[in-house]
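Structure file query03.cif (mmCIF, C-alpha atoms, pLDDT in the B column; chains and numbers go by the auth columns) is printed below.
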```
data_entry
loop_
_atom_site.group_PDB
_atom_site.id
_atom_site.type_symbol
_atom_site.label_atom_id
_atom_site.label_comp_id
_atom_site.label_asym_id
_atom_site.label_seq_id
_atom_site.Cartn_x
_atom_site.Cartn_y
_atom_site.Cartn_z
_atom_site.B_iso_or_equiv
_atom_site.auth_seq_id
_atom_site.auth_asym_id
ATOM 1 C CA MET A 1 19.655 19.703 85.271 64.00 627 W
ATOM 2 C CA THR A 2 16.860 18.406 87.504 86.00 628 W
ATOM 3 C CA ILE A 3 17.370 18.831 91.238 93.00 629 W
ATOM 4 C CA ARG A 4 16.080 16.149 93.591 96.00 630 W
ATOM 5 C CA LEU A 5 14.315 16.592 96.917 97.00 631 W
ATOM 6 C CA GLU A 6 17.270 15.161 98.838 97.00 632 W
ATOM 7 C CA GLU A 7 19.546 17.776 97.266 98.00 633 W
ATOM 8 C CA VAL A 8 17.205 20.607 98.240 98.00 634 W
ATOM 9 C CA LEU A 9 17.039 19.356 101.830 98.00 635 W
ATOM 10 C CA ALA A 10 20.832 19.135 101.956 98.00 636 W
ATOM 11 C CA ALA A 11 21.228 22.652 100.536 98.00 637 W
ATOM 12 C CA VAL A 12 18.862 24.148 103.103 98.00 638 W
ATOM 13 C CA ARG A 13 20.516 22.283 105.970 98.00 639 W
ATOM 14 C CA ALA A 14 23.946 23.432 104.781 97.00 640 W
ATOM 15 C CA ARG A 15 22.810 27.027 105.233 97.00 641 W
ATOM 16 C CA VAL A 16 20.921 26.595 108.521 98.00 642 W
ATOM 17 C CA ASP A 17 21.678 23.364 110.348 97.00 643 W
ATOM 18 C CA HIS A 18 18.460 23.171 112.353 96.00 644 W
ATOM 19 C CA LEU A 19 16.270 23.414 109.234 98.00 645 W
ATOM 20 C CA ARG A 20 16.026 19.677 108.779 96.00 646 W
ATOM 21 C CA ALA A 21 13.515 17.282 107.278 97.00 647 W
ATOM 22 C CA THR A 22 13.519 13.770 105.913 95.00 648 W
ATOM 23 C CA CYS A 23 11.823 12.023 103.044 92.00 649 W
ATOM 24 C CA GLN A 24 12.316 8.576 104.584 85.00 650 W
ATOM 25 C CA ASP A 25 9.625 6.631 106.411 81.00 651 W
ATOM 26 C CA PRO A 26 9.999 7.043 110.186 71.00 652 W
ATOM 27 C CA LEU A 27 11.190 4.123 112.245 61.00 653 W
ATOM 28 C CA GLN A 28 8.354 2.079 113.697 58.00 654 W
ATOM 29 C CA ALA A 29 9.832 2.653 117.140 58.00 655 W
ATOM 30 C CA GLU A 30 9.461 6.426 116.811 76.00 656 W
ATOM 31 C CA ALA A 31 6.140 7.369 118.356 83.00 657 W
ATOM 32 C CA GLY A 32 4.246 10.576 117.753 91.00 658 W
ATOM 33 C CA TRP A 33 4.213 10.720 113.952 95.00 659 W
ATOM 34 C CA HIS A 34 1.048 12.002 112.235 95.00 660 W
ATOM 35 C CA GLU A 35 0.154 12.440 108.610 96.00 661 W
ATOM 36 C CA CYS A 36 -0.698 16.119 108.524 97.00 662 W
ATOM 37 C CA ASP A 37 -3.891 15.718 106.519 97.00 663 W
ATOM 38 C CA ALA A 38 -5.197 13.259 109.120 96.00 664 W
ATOM 39 C CA ILE A 39 -4.593 15.365 112.253 95.00 665 W
ATOM 40 C CA GLY A 40 -7.843 16.304 113.961 92.00 666 W
ATOM 41 C CA PRO A 41 -9.001 18.151 117.078 93.00 667 W
ATOM 42 C CA GLU A 42 -8.693 15.026 119.265 94.00 668 W
ATOM 43 C CA ASP A 43 -5.021 14.584 118.286 95.00 669 W
ATOM 44 C CA LEU A 44 -4.331 18.235 118.992 96.00 670 W
ATOM 45 C CA ALA A 45 -6.208 18.153 122.296 95.00 671 W
ATOM 46 C CA ALA A 46 -3.955 15.300 123.429 95.00 672 W
ATOM 47 C CA ALA A 47 -0.872 17.262 122.356 96.00 673 W
ATOM 48 C CA ILE A 48 -2.126 20.351 124.189 96.00 674 W
ATOM 49 C CA ASP A 49 -2.698 18.298 127.343 95.00 675 W
ATOM 50 C CA GLU A 50 0.877 17.039 127.082 94.00 676 W
ATOM 51 C CA GLY A 51 2.201 20.532 126.488 94.00 677 W
ATOM 52 C CA ALA A 52 0.254 21.909 129.442 93.00 678 W
ATOM 53 C CA SER A 53 2.513 19.906 131.759 91.00 679 W
ATOM 54 C CA HIS A 54 5.283 22.297 130.657 90.00 680 W
ATOM 55 C CA THR A 55 3.188 25.463 130.985 90.00 681 W
ATOM 56 C CA ALA A 56 2.004 25.168 134.588 86.00 682 W
ATOM 57 C CA GLY A 57 -1.233 23.567 133.407 91.00 683 W
ATOM 58 C CA ASP A 58 -2.161 26.520 131.192 93.00 684 W
ATOM 59 C CA ARG A 59 -3.792 24.885 128.157 95.00 685 W
ATOM 60 C CA THR A 60 -4.196 28.187 126.324 95.00 686 W
ATOM 61 C CA VAL A 61 -0.465 28.847 126.427 94.00 687 W
ATOM 62 C CA ALA A 62 0.193 25.215 125.489 95.00 688 W
ATOM 63 C CA ALA A 63 -2.151 25.525 122.485 96.00 689 W
ATOM 64 C CA SER A 64 -0.498 28.758 121.396 96.00 690 W
ATOM 65 C CA LEU A 65 2.983 27.263 121.561 96.00 691 W
ATOM 66 C CA LEU A 66 1.819 24.145 119.713 97.00 692 W
ATOM 67 C CA VAL A 67 0.459 26.285 116.868 98.00 693 W
ATOM 68 C CA GLN A 68 3.707 28.221 116.675 97.00 694 W
ATOM 69 C CA SER A 69 5.965 25.170 116.701 97.00 695 W
ATOM 70 C CA TYR A 70 3.774 23.293 114.227 98.00 696 W
ATOM 71 C CA ALA A 71 3.634 26.185 111.762 98.00 697 W
ATOM 72 C CA TYR A 72 7.407 26.549 111.883 98.00 698 W
ATOM 73 C CA ARG A 73 8.118 22.844 111.591 98.00 699 W
ATOM 74 C CA VAL A 74 5.879 22.149 108.612 98.00 700 W
ATOM 75 C CA THR A 75 6.755 25.250 106.563 98.00 701 W
ATOM 76 C CA ALA A 76 10.277 26.404 107.474 98.00 702 W
ATOM 77 C CA VAL A 77 12.264 24.076 105.213 98.00 703 W
ATOM 78 C CA SER A 78 10.041 24.832 102.223 98.00 704 W
ATOM 79 C CA LEU A 79 10.107 28.579 102.877 98.00 705 W
ATOM 80 C CA ALA A 80 13.881 28.497 103.299 98.00 706 W
ATOM 81 C CA ALA A 81 14.241 26.743 99.937 98.00 707 W
ATOM 82 C CA PHE A 82 12.004 29.360 98.328 98.00 708 W
ATOM 83 C CA ALA A 83 13.995 32.128 100.022 98.00 709 W
ATOM 84 C CA LEU A 84 17.202 30.715 98.547 98.00 710 W
ATOM 85 C CA GLY A 85 15.753 30.564 95.043 98.00 711 W
ATOM 86 C CA LEU A 86 15.520 26.767 95.032 98.00 712 W
ATOM 87 C CA PRO A 87 12.639 24.512 93.991 98.00 713 W
ATOM 88 C CA TRP A 88 10.686 23.867 97.163 98.00 714 W
ATOM 89 C CA PRO A 89 9.191 20.692 98.668 98.00 715 W
ATOM 90 C CA SER A 90 5.461 20.971 99.124 98.00 716 W
ATOM 91 C CA PRO A 91 4.362 21.958 102.646 98.00 717 W
ATOM 92 C CA ALA A 92 0.759 20.956 101.893 98.00 718 W
ATOM 93 C CA ALA A 93 -0.926 18.770 104.501 98.00 719 W
ATOM 94 C CA ALA A 94 -1.302 15.898 102.040 98.00 720 W
ATOM 95 C CA ALA A 95 2.446 15.968 101.345 98.00 721 W
ATOM 96 C CA THR A 96 3.813 16.082 104.909 97.00 722 W
ATOM 97 C CA SER A 97 3.983 14.193 108.186 97.00 723 W
ATOM 98 C CA VAL A 98 4.993 15.682 111.515 97.00 724 W
ATOM 99 C CA ARG A 99 6.188 14.280 114.797 96.00 725 W
ATOM 100 C CA VAL A 100 4.686 15.760 117.964 96.00 726 W
ATOM 101 C CA SER A 101 6.388 15.334 121.332 95.00 727 W
ATOM 102 C CA ASP A 102 5.902 17.157 124.661 93.00 728 W
ATOM 103 C CA GLY A 103 3.254 19.325 123.082 95.00 729 W
ATOM 104 C CA ARG A 104 5.508 20.613 120.277 96.00 730 W
ATOM 105 C CA ALA A 105 6.095 19.674 116.651 97.00 731 W
ATOM 106 C CA THR A 106 9.629 18.300 116.597 96.00 732 W
ATOM 107 C CA ALA A 107 10.298 16.675 113.202 96.00 733 W
ATOM 108 C CA LEU A 108 9.072 16.765 109.614 97.00 734 W
ATOM 109 C CA ARG A 109 8.867 14.230 106.812 97.00 735 W
ATOM 110 C CA PHE A 110 7.977 15.035 103.216 97.00 736 W
ATOM 111 C CA ARG A 111 5.689 12.385 101.746 96.00 737 W
ATOM 112 C CA SER A 112 5.994 13.739 98.209 95.00 738 W
ATOM 113 C CA THR A 113 9.177 14.209 96.200 95.00 739 W
ATOM 114 C CA THR A 114 7.526 16.726 93.870 95.00 740 W
ATOM 115 C CA LEU A 115 9.158 20.172 93.941 98.00 741 W
ATOM 116 C CA GLY A 116 7.488 23.494 93.254 98.00 742 W
ATOM 117 C CA GLU A 117 8.887 26.082 90.850 97.00 743 W
ATOM 118 C CA ALA A 118 11.582 28.213 92.469 97.00 744 W
ATOM 119 C CA GLU A 119 9.872 31.544 91.742 96.00 745 W
ATOM 120 C CA ASP A 120 6.273 30.456 92.393 98.00 746 W
ATOM 121 C CA ALA A 121 5.381 32.556 95.440 98.00 747 W
ATOM 122 C CA GLN A 122 1.657 32.013 94.951 98.00 748 W
ATOM 123 C CA GLY A 123 2.121 28.252 94.693 98.00 749 W
ATOM 124 C CA ILE A 124 4.057 27.918 97.931 98.00 750 W
ATOM 125 C CA ALA A 125 1.623 30.245 99.720 98.00 751 W
ATOM 126 C CA GLU A 126 -1.319 28.131 98.620 98.00 752 W
ATOM 127 C CA ALA A 127 0.428 24.887 99.617 98.00 753 W
ATOM 128 C CA ALA A 128 1.521 26.130 103.033 98.00 754 W
ATOM 129 C CA PHE A 129 -1.565 28.096 104.001 98.00 755 W
ATOM 130 C CA ALA A 130 -4.674 27.268 101.963 98.00 756 W
ATOM 131 C CA SER A 131 -3.762 23.570 101.764 98.00 757 W
ATOM 132 C CA HIS A 132 -2.428 23.136 105.292 98.00 758 W
ATOM 133 C CA LEU A 133 -2.357 25.813 107.969 98.00 759 W
ATOM 134 C CA VAL A 134 -5.896 27.107 107.445 98.00 760 W
ATOM 135 C CA GLY A 135 -7.231 23.675 108.357 97.00 761 W
ATOM 136 C CA PHE A 136 -4.710 23.198 111.138 97.00 762 W
ATOM 137 C CA VAL A 137 -5.534 26.522 112.813 97.00 763 W
ATOM 138 C CA SER A 138 -9.229 25.661 112.662 96.00 764 W
ATOM 139 C CA ALA A 139 -8.594 22.257 114.260 96.00 765 W
ATOM 140 C CA ALA A 140 -6.378 23.769 116.955 96.00 766 W
ATOM 141 C CA ARG A 141 -9.003 26.344 117.858 96.00 767 W
ATOM 142 C CA ALA A 142 -11.586 23.565 118.046 94.00 768 W
ATOM 143 C CA SER A 143 -9.318 21.788 120.547 94.00 769 W
ATOM 144 C CA GLN A 144 -8.746 24.750 122.846 94.00 770 W
ATOM 145 C CA ARG A 145 -10.204 28.229 122.988 94.00 771 W
ATOM 146 C CA LEU A 146 -7.638 30.426 121.261 94.00 772 W
ATOM 147 C CA GLY A 147 -7.986 33.791 119.578 94.00 773 W
ATOM 148 C CA GLU A 148 -7.858 33.641 115.800 95.00 774 W
ATOM 149 C CA ARG A 149 -5.664 36.739 115.614 95.00 775 W
ATOM 150 C CA LEU A 150 -3.238 35.235 118.116 95.00 776 W
ATOM 151 C CA ALA A 151 -3.077 31.949 116.203 97.00 777 W
ATOM 152 C CA TRP A 152 -2.320 33.641 112.885 98.00 778 W
ATOM 153 C CA ALA A 153 0.229 35.941 114.530 97.00 779 W
ATOM 154 C CA ASN A 154 2.001 32.763 115.662 97.00 780 W
ATOM 155 C CA VAL A 155 1.915 31.403 112.120 98.00 781 W
ATOM 156 C CA ALA A 156 3.257 34.688 110.754 97.00 782 W
ATOM 157 C CA ALA A 157 6.106 34.787 113.266 97.00 783 W
ATOM 158 C CA SER A 158 7.038 31.211 112.353 97.00 784 W
ATOM 159 C CA SER A 159 7.033 32.051 108.640 98.00 785 W
ATOM 160 C CA ALA A 160 9.162 35.121 109.250 97.00 786 W
ATOM 161 C CA ALA A 161 11.589 33.063 111.331 97.00 787 W
ATOM 162 C CA ALA A 162 12.300 30.788 108.363 98.00 788 W
ATOM 163 C CA PHE A 163 13.241 33.717 106.149 98.00 789 W
ATOM 164 C CA ARG A 164 15.226 35.343 108.937 97.00 790 W
ATOM 165 C CA ALA A 165 17.231 32.155 109.485 97.00 791 W
ATOM 166 C CA VAL A 166 18.561 32.043 105.929 98.00 792 W
ATOM 167 C CA GLU A 167 18.933 35.828 105.769 97.00 793 W
ATOM 168 C CA GLY A 168 21.035 35.653 108.931 96.00 794 W
ATOM 169 C CA SER A 169 23.203 32.991 107.325 97.00 795 W
ATOM 170 C CA ALA A 170 23.806 35.276 104.350 96.00 796 W
ATOM 171 C CA ARG A 171 24.588 38.159 106.723 95.00 797 W
ATOM 172 C CA ASP A 172 27.158 36.054 108.549 95.00 798 W
ATOM 173 C CA ARG A 173 28.851 35.308 105.211 95.00 799 W
ATOM 174 C CA GLY A 174 28.768 38.949 104.194 95.00 800 W
ATOM 175 C CA ASP A 175 26.597 38.227 101.158 96.00 801 W
ATOM 176 C CA ALA A 176 24.637 41.471 100.819 95.00 802 W
ATOM 177 C CA GLY A 177 23.148 40.450 97.470 96.00 803 W
ATOM 178 C CA GLU A 178 21.626 37.256 98.831 97.00 804 W
ATOM 179 C CA ARG A 179 20.290 39.077 101.873 96.00 805 W
ATOM 180 C CA LEU A 180 18.443 41.479 99.592 96.00 806 W
ATOM 181 C CA ARG A 181 17.061 38.638 97.447 97.00 807 W
ATOM 182 C CA ILE A 182 15.796 36.787 100.531 97.00 808 W
ATOM 183 C CA ARG A 183 14.043 39.904 101.804 97.00 809 W
ATOM 184 C CA ARG A 184 12.394 40.408 98.427 97.00 810 W
ATOM 185 C CA ARG A 185 11.141 36.817 98.385 98.00 811 W
ATOM 186 C CA ALA A 186 9.717 37.274 101.880 98.00 812 W
ATOM 187 C CA ASP A 187 7.769 40.274 100.600 97.00 813 W
ATOM 188 C CA GLN A 188 6.584 38.216 97.622 97.00 814 W
ATOM 189 C CA LEU A 189 5.251 35.518 99.912 97.00 815 W
ATOM 190 C CA LEU A 190 3.471 38.015 102.164 97.00 816 W
ATOM 191 C CA ALA A 191 1.767 39.486 99.104 97.00 817 W
ATOM 192 C CA HIS A 192 0.069 36.101 98.579 97.00 818 W
ATOM 193 C CA THR A 193 -0.908 35.381 102.204 97.00 819 W
ATOM 194 C CA PRO A 194 -4.069 37.297 103.162 97.00 820 W
ATOM 195 C CA TRP A 195 -4.309 35.151 106.307 96.00 821 W
ATOM 196 C CA LEU A 196 -1.276 36.996 107.703 97.00 822 W
ATOM 197 C CA ALA A 197 -2.573 40.511 107.064 95.00 823 W
ATOM 198 C CA GLY A 198 -2.172 42.654 110.174 95.00 824 W
ATOM 199 C CA THR A 199 -0.196 40.021 112.105 95.00 825 W
ATOM 200 C CA GLY A 200 3.132 41.863 112.064 95.00 826 W
ATOM 201 C CA TRP A 201 5.875 43.370 109.953 94.00 827 W
ATOM 202 C CA PHE A 202 9.580 43.167 109.264 94.00 828 W
ATOM 203 C CA ASP A 203 11.557 45.874 111.052 88.00 829 W
ATOM 204 C CA THR A 204 13.799 47.254 108.323 84.00 830 W
ATOM 205 C CA HIS A 205 15.377 49.894 110.593 78.00 831 W
ATOM 206 C CA GLY A 206 17.656 47.556 112.510 71.00 832 W
ATOM 207 C CA PRO A 207 20.549 45.400 111.301 75.00 833 W
ATOM 208 C CA ASP A 208 18.840 42.149 112.287 83.00 834 W
ATOM 209 C CA TRP A 209 15.685 42.476 110.120 93.00 835 W
ATOM 210 C CA GLY A 210 13.506 41.514 113.061 92.00 836 W
ATOM 211 C CA TRP A 211 9.835 40.569 112.926 94.00 837 W
ATOM 212 C CA GLN A 212 7.485 42.660 115.054 92.00 838 W
ATOM 213 C CA ARG A 213 4.329 40.827 116.099 91.00 839 W
ATOM 214 C CA SER A 214 0.935 42.465 116.486 91.00 840 W
ATOM 215 C CA ALA A 215 -0.395 39.861 118.961 89.00 841 W
ATOM 216 C CA CYS A 216 1.354 38.136 121.865 88.00 842 W
ATOM 217 C CA CYS A 217 1.841 34.354 121.937 78.00 843 W
ATOM 218 C CA LEU A 218 1.185 34.347 125.748 82.00 844 W
ATOM 219 C CA TRP A 219 4.500 32.627 126.595 70.00 845 W
ATOM 220 C CA TYR A 220 5.160 35.352 129.187 73.00 846 W
ATOM 221 C CA ARG A 221 2.397 33.859 131.360 77.00 847 W
ATOM 222 C CA THR A 222 4.515 30.795 132.123 76.00 848 W
ATOM 223 C CA SER A 223 8.030 32.222 131.651 68.00 849 W
ATOM 224 C CA GLY A 224 8.247 34.403 134.713 70.00 850 W
ATOM 225 C CA GLY A 225 7.266 37.445 132.666 70.00 851 W
ATOM 226 C CA ARG A 226 9.939 37.068 130.005 76.00 852 W
ATOM 227 C CA THR A 227 8.838 37.958 126.482 78.00 853 W
ATOM 228 C CA CYS A 228 9.922 36.824 123.020 77.00 854 W
ATOM 229 C CA GLU A 229 11.878 38.897 120.545 77.00 855 W
ATOM 230 C CA GLY A 230 9.416 41.123 118.708 78.00 856 W
ATOM 231 C CA CYS A 231 6.688 40.642 121.325 83.00 857 W
ATOM 232 C CA SER A 232 3.674 42.881 120.819 78.00 858 W
ATOM 233 C CA LEU A 233 3.731 43.713 124.539 75.00 859 W
ATOM 234 C CA ARG A 234 6.878 45.734 124.007 66.00 860 W
ATOM 235 C CA SER A 235 6.543 49.234 122.659 51.00 861 W
ATOM 236 C CA ARG A 236 7.958 50.124 119.279 48.00 862 W
ATOM 237 C CA GLN A 237 10.358 52.469 121.087 46.00 863 W
ATOM 238 C CA GLU A 238 11.686 49.525 123.098 56.00 864 W
ATOM 239 C CA VAL A 239 12.094 47.465 119.928 49.00 865 W
ATOM 240 C CA HIS A 240 14.161 50.153 118.201 50.00 866 W
ATOM 241 C CA ALA A 241 16.166 50.810 121.371 49.00 867 W
#
```
Encoded form using structure tokens:
Amino acid sequence: MTIRLEEVLAAVRARVDHLRATCQDPLQAEAGWHECDAIGPEDLAAAIDEGASHTAGDRTVAASLLVQSYAYRVTAVSLAAFALGLPWPSPAAAATSVRVSDGRATALRFRSTTLGEAEDAQGIAEAAFASHLVGFVSAARASQRLGERLAWANVAASSAAAFRAVEGSARDRGDAGERLRIRRRADQLLAHTPWLAGTGWFDTHGPDWGWQRSACCLWYRTSGGRTCEGCSLRSRQEVHA
């Protein structure tokens, strides 16, 4: 039986409600939509300027948070489908559109109904990274000075968050078998993503399967010193405690 894109999107959303995407054309009244393969440094510079109004004028923090939100928005639904053993919608730039508002990526539309093979870890890695996020990170860094290691650590944390969302859903249902399968698929993806090498690791010692970053996203600079879960500024002893 052939599964359709709409069914995959519904299955992912049924597991994690906030993992949403559409395959319908956006309403003309909805501003801020961009075809992902057409986004350039000027578009991102405008988004960073908008985001800086929420980060006390700090464009570096705004750029960092834009990269993190964009990476999560354009890949999370596809990665969640892969994590669940479903055929996955392509996260390639040519197959997606994203809505940007207040300096963050807020919505996703799939422009292609083609689904990748459920077990094709290399295929989804190439679509998400080689065919999308490599170019996006380059454009973002051309829009605002931003460390390459920091940018890819943001991408890695966003990718990990997608797997953690569906793994947490399985944990809440008490499905130990699915939790293990999701963790294995996360490892399979990481094996095909050289761009994420050295950006962090899954903490297998705790019950929450957290992601420990190797580079800080800089949010603490505009959050009154608060840090994210898994922040590289915290010691490993603090993480385990």
Worksheet entry | Gap from CA of Gln814 in chain W to CA of Leu844 in chain W - Å, one decimal | 28.9 Å
Worksheet entry | Target residues per the PyMOL selection byres ((chain W and resi 833) around 12), formatted as a PyMOL selection string | chain W and resi 790+793-794+797-798+802+805+828-832+834-837+866
Kindly provide the residues of range 723-775 of chain W that approach range 657-675 of chain W to within 8 Å, each paired with its closest atom pair and their distance in Å to one decimal, based on only C-alpha atoms, listed by chain and increasing number, as a tab-separated table.
```
residue	atom	partner	partner_atom	distance
W:Ser723	CA	W:Glu661	CA	4.2
W:Val724	CA	W:His660	CA	5.4
W:Arg725	CA	W:Trp659	CA	4.2
W:Val726	CA	W:Gly658	CA	5.2
W:Ser727	CA	W:Gly658	CA	6.3
W:Asp728	CA	W:Ala673	CA	7.2
W:Gly729	CA	W:Ala673	CA	4.7
W:Arg730	CA	W:Ala673	CA	7.5
W:His758	CA	W:Asp663	CA	7.7
W:Phe762	CA	W:Ile665	CA	7.9
W:Ala765	CA	W:Pro667	CA	5.0
W:Ala766	CA	W:Pro667	CA	6.2
W:Ala768	CA	W:Pro667	CA	6.1
W:Ser769	CA	W:Pro667	CA	5.0
W:Gln770	CA	W:Ala671	CA	7.1
```
Worksheet entry | Spatial neighbours of range 633-641 of chain W, 10 Å, only C-alpha atoms, chain gap at least 3 places, as a PyMOL selection string | chain W and resi 629-630+644-649+702-710+712-715+741+791-796
Worksheet item: Do you know which residues are at most 8 Å from Ser695 in chain W counting all atoms listed in the file, after dropping those on the same chain fewer than 3 positions away, and could you put them as number ranges by chain?
Response: W: 691-692, 698-699, 730-732, 784
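The list of residues with at least one atom within 9 Å of Thr681 in chain W, based on only C-alpha atoms and without residues fewer than 2 positions apart in the same chain, reads Gly677, Ala678, Ser679, Gly683, Asp684, Arg685, Val687, Ala688, Trp845, Arg847, Thr848 and Ser849 of chain W.
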Practice prompt. Work out how far apart CA of Glu676 in chain W and CA of Ala721 in chain W are and give it in Å to one decimal.
Written response: 25.8 Å
Around all the atoms of range 727-736 of chain W listed in the file, with 8 Å of room on each side, what axis-aligned box do you get, giving centre and edge lengths in Å to one decimal, as JSON?
```
{"center_x": 6.8, "center_y": 17.4, "center_z": 113.9, "size_x": 23.0, "size_y": 22.4, "size_z": 37.4}
```
Fill in: Explicit residues for the PyMOL selection byres ((chain W and resi 812) around 9) (as a PyMOL selection string)
chain W and resi 705+708-709+785-786+789+807-811+813-817
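Proximity of W:Gln748, W:Asn780, W:Ser757, W:Thr701 to Ala733 in chain W, computed with all atoms listed in the file, is greatest for W:Thr701.
Between CA of Ala782 in chain W and CA of Gly851 in chain W there is a distance of 22.4 Å.
Residues surrounding range 855-859 of chain W within 8 Å are Gly836, Trp837, Gln838, Arg839, Ser840, Ala841, Cys842, Cys843 and Val865 of chain W [all atoms listed in the file; sequence separation below 6 positions excluded].
Counting all atoms listed in the file and comparing W:Trp821, W:Phe755, W:Tyr846, W:Phe736, the residue that lies closest to Glu774 in chain W is W:Trp821.
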